[in-house]
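To be precise, the following lines are coords27.csv, and they hold CSV, C-alpha atoms.
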chain,number,residue,atom,x,y,z
A,1,MET,CA,-180.7,-110.6,123.9
A,2,LYS,CA,-178.7,-113.4,122.3
A,3,ILE,CA,-180.5,-116.7,121.8
A,4,VAL,CA,-178.8,-120.1,121.9
A,5,ARG,CA,-177.6,-120.9,118.4
A,6,ARG,CA,-178.4,-124.6,118.3
A,7,SER,CA,-181.3,-125.7,120.4
A,8,PRO,CA,-184.6,-127.4,119.6
A,9,GLU,CA,-186.4,-125.3,122.2
A,10,PRO,CA,-188.9,-122.5,121.4
A,11,PHE,CA,-187.9,-118.9,121.9
A,12,PHE,CA,-189.7,-115.7,122.6
A,13,TYR,CA,-188.5,-112.1,122.8
A,14,SER,CA,-190.7,-109.1,123.7
A,15,GLY,CA,-189.5,-106.2,121.7
A,16,GLY,CA,-191.3,-103.5,119.7
A,17,LYS,CA,-194.9,-103.2,118.5
A,18,THR,CA,-194.5,-105.4,115.5
A,19,GLY,CA,-194.6,-109.1,116.2
A,20,ILE,CA,-193.3,-111.9,114.0
A,21,LEU,CA,-194.5,-115.5,114.5
A,22,LEU,CA,-191.9,-117.9,113.1
A,23,ILE,CA,-193.0,-121.4,112.3
A,24,HIS,CA,-190.5,-124.2,111.7
A,25,GLY,CA,-190.8,-127.2,109.3
A,26,PHE,CA,-191.7,-130.8,109.3
A,27,MET,CA,-189.5,-133.0,111.6
A,28,SER,CA,-187.6,-129.9,112.6
A,29,ASN,CA,-187.7,-127.4,115.4
A,30,PRO,CA,-186.8,-123.7,116.0
A,31,SER,CA,-183.1,-124.3,115.5
A,32,GLU,CA,-183.5,-123.7,111.8
A,33,LEU,CA,-185.1,-120.3,112.5
A,34,ARG,CA,-182.7,-119.0,115.2
A,35,PRO,CA,-180.5,-116.9,112.9
A,36,MET,CA,-183.6,-115.3,111.4
A,37,GLY,CA,-185.1,-114.8,114.9
A,38,GLN,CA,-181.9,-113.2,116.1
A,39,TYR,CA,-181.8,-110.9,113.2
A,40,PHE,CA,-185.3,-109.5,114.0
A,41,ILE,CA,-184.6,-109.5,117.7
A,42,ASP,CA,-181.6,-107.3,117.1
A,43,LYS,CA,-183.8,-105.0,115.0
A,44,GLY,CA,-186.2,-104.6,117.9
A,45,TYR,CA,-189.1,-106.8,116.9
A,46,THR,CA,-191.2,-109.0,119.1
A,47,VAL,CA,-190.4,-112.6,118.0
A,48,TYR,CA,-191.9,-115.9,118.9
A,49,ALA,CA,-190.9,-119.3,117.5
A,50,PRO,CA,-193.0,-122.1,119.1
A,51,LEU,CA,-192.1,-125.8,119.0
A,52,LEU,CA,-194.8,-127.7,117.0
A,53,ALA,CA,-196.5,-130.6,118.9
A,54,GLY,CA,-194.5,-133.8,118.7
A,55,HIS,CA,-191.4,-132.2,117.3
A,56,GLY,CA,-188.0,-131.7,118.9
A,57,LYS,CA,-188.0,-135.1,120.6
A,58,THR,CA,-188.1,-138.6,119.1
A,59,ALA,CA,-189.7,-140.1,116.1
A,60,GLU,CA,-191.9,-142.2,118.4
A,61,VAL,CA,-193.2,-139.0,120.1
A,62,MET,CA,-193.9,-137.3,116.8
A,63,ALA,CA,-195.7,-140.3,115.5
A,64,GLU,CA,-198.4,-139.7,118.2
A,65,THR,CA,-199.3,-136.4,116.5
A,66,ASP,CA,-200.9,-135.3,113.3
A,67,TRP,CA,-201.4,-132.1,111.4
A,68,GLU,CA,-204.3,-130.9,113.6
A,69,ASP,CA,-201.9,-131.0,116.6
A,70,TRP,CA,-199.3,-129.0,114.7
A,71,TRP,CA,-201.9,-126.5,113.6
A,72,LYS,CA,-203.1,-126.2,117.3
A,73,THR,CA,-199.6,-125.2,118.3
A,74,VAL,CA,-199.6,-122.4,115.6
A,75,ASP,CA,-203.1,-121.3,116.6
A,76,ASP,CA,-202.2,-121.2,120.3
A,77,ALA,CA,-198.9,-119.3,119.5
A,78,TYR,CA,-200.9,-116.7,117.5
A,79,ASP,CA,-203.3,-116.2,120.5
A,80,TYR,CA,-200.3,-115.8,122.8
A,81,LEU,CA,-198.7,-113.3,120.5
A,82,ASN,CA,-202.0,-111.5,120.1
A,83,LYS,CA,-202.1,-110.8,123.8
A,84,GLU,CA,-198.8,-108.8,123.6
A,85,ASN,CA,-200.7,-105.6,122.7
A,86,LEU,CA,-198.9,-105.3,119.3
A,87,ASP,CA,-199.8,-103.0,116.5
A,88,HIS,CA,-198.9,-105.5,113.8
A,89,ILE,CA,-198.5,-109.3,113.6
A,90,TYR,CA,-196.8,-111.1,110.7
A,91,VAL,CA,-196.4,-114.8,110.3
A,92,ALA,CA,-193.4,-116.4,108.5
A,93,GLY,CA,-192.7,-120.1,108.1
A,94,LEU,CA,-190.2,-122.5,106.5
A,95,SER,CA,-191.3,-125.6,104.6
A,96,MET,CA,-194.3,-127.1,106.4
A,97,GLY,CA,-194.1,-124.0,108.6
A,98,GLY,CA,-194.7,-121.9,105.5
A,99,ALA,CA,-197.8,-124.0,104.7
A,100,LEU,CA,-199.1,-123.5,108.2
A,101,SER,CA,-198.4,-119.8,108.0
A,102,LEU,CA,-200.5,-119.5,104.9
A,103,TYR,CA,-203.2,-121.5,106.6
A,104,LEU,CA,-203.1,-119.2,109.6
A,105,ALA,CA,-203.4,-116.2,107.3
A,106,SER,CA,-206.6,-117.8,105.8
A,107,GLN,CA,-208.1,-118.3,109.3
A,108,LYS,CA,-207.0,-115.4,111.5
A,109,GLN,CA,-206.2,-111.7,111.2
A,110,VAL,CA,-202.5,-111.0,110.4
A,111,ASP,CA,-200.9,-108.1,108.7
A,112,GLY,CA,-198.8,-110.1,106.3
A,113,VAL,CA,-197.6,-113.6,105.6
A,114,ILE,CA,-194.2,-114.9,104.4
A,115,SER,CA,-193.9,-118.5,103.2
A,116,MET,CA,-190.4,-119.9,102.5
A,117,CYS,CA,-190.1,-123.1,100.5
A,118,ALA,CA,-193.7,-124.1,101.4
A,119,PRO,CA,-194.8,-127.4,99.9
A,120,ILE,CA,-197.7,-128.1,97.6
A,121,TRP,CA,-195.8,-130.9,96.0
A,122,ILE,CA,-192.9,-132.8,97.6
A,123,GLN,CA,-189.9,-134.1,95.6
A,124,HIS,CA,-189.8,-137.7,97.0
A,125,TRP,CA,-192.2,-139.9,95.1
A,126,GLY,CA,-192.4,-142.3,98.1
A,127,ASP,CA,-194.3,-139.7,100.1
A,128,MET,CA,-197.4,-140.5,97.9
A,129,LEU,CA,-197.4,-144.0,99.4
A,130,ALA,CA,-197.2,-143.0,103.0
A,131,SER,CA,-200.9,-143.4,103.9
A,132,PHE,CA,-200.7,-147.0,102.7
A,133,ILE,CA,-197.4,-148.2,104.1
A,134,TYR,CA,-197.1,-146.7,107.6
A,135,HIS,CA,-199.1,-149.6,109.1
A,136,PHE,CA,-196.3,-151.9,108.0
A,137,TYR,CA,-193.3,-149.7,108.1
A,138,PRO,CA,-193.9,-147.0,110.8
A,139,PHE,CA,-190.5,-145.4,110.4
A,140,TYR,CA,-188.1,-144.6,107.6
A,141,LYS,CA,-184.4,-144.1,108.1
A,142,PRO,CA,-182.4,-143.1,104.9
A,143,LYS,CA,-179.3,-145.3,104.4
A,144,ASN,CA,-177.4,-142.5,102.7
A,145,ARG,CA,-178.7,-139.2,104.0
A,146,ARG,CA,-177.5,-136.4,101.8
A,147,LYS,CA,-175.2,-134.1,103.7
A,148,ARG,CA,-175.8,-130.4,103.5
A,149,ASP,CA,-173.3,-127.7,103.9
A,150,PRO,CA,-171.4,-128.2,107.2
A,151,GLU,CA,-172.4,-124.8,108.4
A,152,ILE,CA,-176.1,-125.7,107.9
A,153,GLU,CA,-175.6,-129.0,109.6
A,154,ALA,CA,-174.0,-127.3,112.6
A,155,MET,CA,-177.0,-125.2,113.2
A,156,MET,CA,-179.7,-127.9,112.9
A,157,VAL,CA,-181.0,-130.3,115.5
A,158,LYS,CA,-182.4,-133.2,113.5
A,159,MET,CA,-184.6,-136.3,114.1
A,160,ASP,CA,-182.9,-139.5,113.1
A,161,ARG,CA,-186.0,-141.3,111.6
A,162,THR,CA,-189.1,-140.2,109.7
A,163,PRO,CA,-192.5,-141.2,111.1
A,164,ILE,CA,-194.3,-142.3,107.9
A,165,LYS,CA,-197.7,-141.7,109.5
A,166,CYS,CA,-196.8,-138.1,109.9
A,167,VAL,CA,-195.8,-137.8,106.2
A,168,ALA,CA,-199.3,-139.1,105.4
A,169,SER,CA,-200.8,-136.5,107.7
A,170,LEU,CA,-198.8,-133.7,106.1
A,171,ARG,CA,-200.0,-134.7,102.7
A,172,LYS,CA,-203.6,-134.7,104.1
A,173,PHE,CA,-203.1,-131.2,105.5
A,174,ILE,CA,-201.9,-129.9,102.1
A,175,ARG,CA,-204.7,-131.6,100.2
A,176,SER,CA,-207.7,-131.1,102.6
A,177,ALA,CA,-206.8,-127.9,104.5
A,178,LEU,CA,-204.2,-125.8,102.7
A,179,ARG,CA,-205.2,-125.9,99.1
A,180,PRO,CA,-208.9,-125.4,99.6
A,181,ASN,CA,-208.2,-122.3,101.8
A,182,LEU,CA,-205.5,-120.6,99.8
A,183,SER,CA,-208.0,-118.3,98.1
A,184,LYS,CA,-208.9,-117.0,101.6
A,185,VAL,CA,-205.4,-115.5,102.0
A,186,ASN,CA,-205.9,-111.8,101.1
A,187,VAL,CA,-203.3,-110.1,103.1
A,188,PRO,CA,-199.9,-108.9,101.7
A,189,ALA,CA,-197.8,-112.0,100.9
A,190,LEU,CA,-194.2,-112.7,100.2
A,191,ILE,CA,-193.6,-116.1,98.6
A,192,ILE,CA,-190.0,-117.2,98.7
A,193,GLN,CA,-188.6,-120.3,97.0
A,194,SER,CA,-185.2,-121.9,96.4
A,195,ARG,CA,-184.8,-122.6,92.7
A,196,HIS,CA,-182.9,-125.8,93.4
A,197,ASP,CA,-185.0,-127.0,96.4
A,198,GLU,CA,-184.2,-130.7,97.1
A,199,THR,CA,-187.2,-131.3,99.2
A,200,VAL,CA,-190.1,-129.3,97.8
A,201,LYS,CA,-190.9,-129.0,94.1
A,202,PRO,CA,-190.2,-125.4,93.2
A,203,GLU,CA,-193.4,-125.1,91.2
A,204,SER,CA,-195.2,-125.2,94.5
A,205,ALA,CA,-194.4,-121.5,94.8
A,206,ASN,CA,-196.1,-120.6,91.5
A,207,TYR,CA,-199.2,-122.5,92.7
A,208,ILE,CA,-199.3,-120.6,96.0
A,209,TYR,CA,-198.8,-117.3,94.2
A,210,ASN,CA,-201.5,-118.0,91.7
A,211,HIS,CA,-204.1,-119.3,94.2
A,212,ILE,CA,-203.9,-116.7,97.0
A,213,SER,CA,-206.2,-113.7,96.7
A,214,SER,CA,-203.8,-111.1,98.0
A,215,GLU,CA,-203.7,-107.8,96.0
A,216,LYS,CA,-200.2,-107.2,97.2
A,217,LYS,CA,-198.1,-110.3,96.6
A,218,SER,CA,-194.6,-111.1,95.3
A,219,LEU,CA,-192.7,-114.2,94.4
A,220,SER,CA,-189.0,-114.2,95.0
A,221,TRP,CA,-186.6,-116.9,93.8
A,222,TYR,CA,-183.3,-117.7,95.4
A,223,GLU,CA,-180.7,-119.3,93.1
A,224,LYS,CA,-178.0,-120.4,95.5
A,225,SER,CA,-179.9,-121.9,98.4
A,226,CYS,CA,-181.1,-125.3,99.5
A,227,HIS,CA,-184.5,-126.1,101.1
A,228,ILE,CA,-183.3,-124.8,104.5
A,229,ILE,CA,-183.0,-121.3,103.1
A,230,THR,CA,-183.0,-119.7,106.5
A,231,LEU,CA,-179.5,-121.2,107.2
A,232,ASP,CA,-178.0,-121.2,103.7
A,233,LYS,CA,-175.5,-118.8,102.1
A,234,GLU,CA,-178.2,-116.3,101.0
A,235,ARG,CA,-179.8,-116.0,104.4
A,236,GLY,CA,-178.6,-112.4,104.8
A,237,LYS,CA,-180.4,-111.4,101.6
A,238,LEU,CA,-183.5,-113.3,102.8
A,239,PHE,CA,-183.7,-111.6,106.2
A,240,GLN,CA,-183.3,-108.2,104.6
A,241,GLU,CA,-186.0,-108.9,102.0
A,242,VAL,CA,-188.4,-110.1,104.7
A,243,GLU,CA,-187.6,-107.0,106.8
A,244,GLN,CA,-188.2,-104.7,103.9
A,245,PHE,CA,-191.5,-106.4,103.2
A,246,ILE,CA,-192.6,-105.8,106.8
A,247,VAL,CA,-191.3,-102.2,106.8
A,248,ASN,CA,-193.1,-101.3,103.6
A,249,ASN,CA,-196.3,-102.9,104.6
A,250,ASN,CA,-196.3,-101.2,108.0
A,251,GLN,CA,-195.9,-97.9,106.2
A,252,ASN,CA,-198.8,-98.7,104.0
A,253,LEU,CA,-200.9,-99.7,106.9
A,254,SER,CA,-200.2,-96.4,108.8
A,255,LYS,CA,-201.6,-94.5,105.8
A,256,ASN,CA,-204.8,-96.5,105.8
A,257,PRO,CA,-207.2,-95.2,108.5
A,258,ASN,CA,-209.5,-98.2,108.0
A,259,HIS,CA,-206.8,-100.6,109.3
A,260,VAL,CA,-207.8,-102.3,112.5
Final structure tokens representation of the file:
Amino acid sequence: MKIVRRSPEPFFYSGGKTGILLIHGFMSNPSELRPMGQYFIDKGYTVYAPLLAGHGKTAEVMAETDWEDWWKTVDDAYDYLNKENLDHIYVAGLSMGGALSLYLASQKQVDGVISMCAPIWIQHWGDMLASFIYHFYPFYKPKNRRKRDPEIEAMMVKMDRTPIKCVASLRKFIRSALRPNLSKVNVPALIIQSRHDETVKPESANYIYNHISSEKKSLSWYEKSCHIITLDKERGKLFQEVEQFIVNNNQNLSKNPNHV
């Protein structure tokens, strides 16, 4: 099966007995995860990348949603994947999707979690003011949006404006839901972070690593990638590292007779 390279729509492929739930980031959509999804589809995995509530459309539509709506999409997607009679389920997410993946791992049974460039702290100082200014300035459109590598731009389907109310909701999610529940994450975890992330402060990865309770956890730094690590020049290395994490963990689980 070949999935459409550039599309904001969700995608699902029923493959083998190991399922991977892929969660996209804030103001984005599954287009940023399609190369990763295709990699695992070609390897025979069952793959599901849902479209978070309010995403993939207009800024006005997204502004009608908040973090609880985005979380409900993830929760529903987990339930959908859980009905596939799989032996193993992993959750992996990029940016806010990584944060939602960690939160899912704190709330539901998964066999492992992969967070990629997940935020604890965001680079833009103005995000701290979002909860105060969205009543007066509901949308923000950068005048000089920084251009990424043309290959990355070609694979993304982007929203033209930022709903500031949603920025405030993302910050609330990190503060009131993610951080207090990180200690409940006790499954094997792979924390991945771009060293020169232009969106998320890289020290977020250290915070996540130090606050989850997983006995088996690793922190992997990528030196040549931007925030959208799933589309950047090191994506081949990234996909292989995630696959090896899953393969090794599945082998360990098969040796554990107490695994449910």
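Of the listed residues (A:His24, A:Lys158, A:Lys233, A:Lys224), A:His24 comes nearest to Tyr48 in chain A; the distances count only C-alpha atoms.
Of the listed residues (A:Trp71, A:Tyr140, A:Phe239, A:Tyr80), A:Trp71 comes nearest to Gly25 in chain A; the distances count all atoms listed in the file.
Candidate residues A:Val185, A:Ile120, A:Leu86, A:Leu51 were compared for distance to Lys108 in chain A, and the nearest is A:Val185, using all atoms listed in the file.
Nearest residue to Lys165 in chain A, choosing from A:Ala59, A:Ile229, A:Val110, A:Met96 and counting all atoms listed in the file: A:Ala59.
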Exercise. Compare A:Ile23, A:Leu253, A:Leu94, A:Met62 by their minimum atom-to-atom distance to Pro163 in chain A, counting all atoms listed in the file, and give me the closest one.
Key: A:Met62
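Restricting the calculation to only C-alpha atoms, the smallest distance between Ser194 in chain A and any of A:Lys72, A:Lys255, A:Lys216, A:His227 is found for A:His227.
Relative to CA of Glu198 in chain A, CA of Asp160 in chain A is found at 18.3 Å.
CA of Glu84 in chain A is positioned 27.2 Å from CA of Phe26 in chain A.
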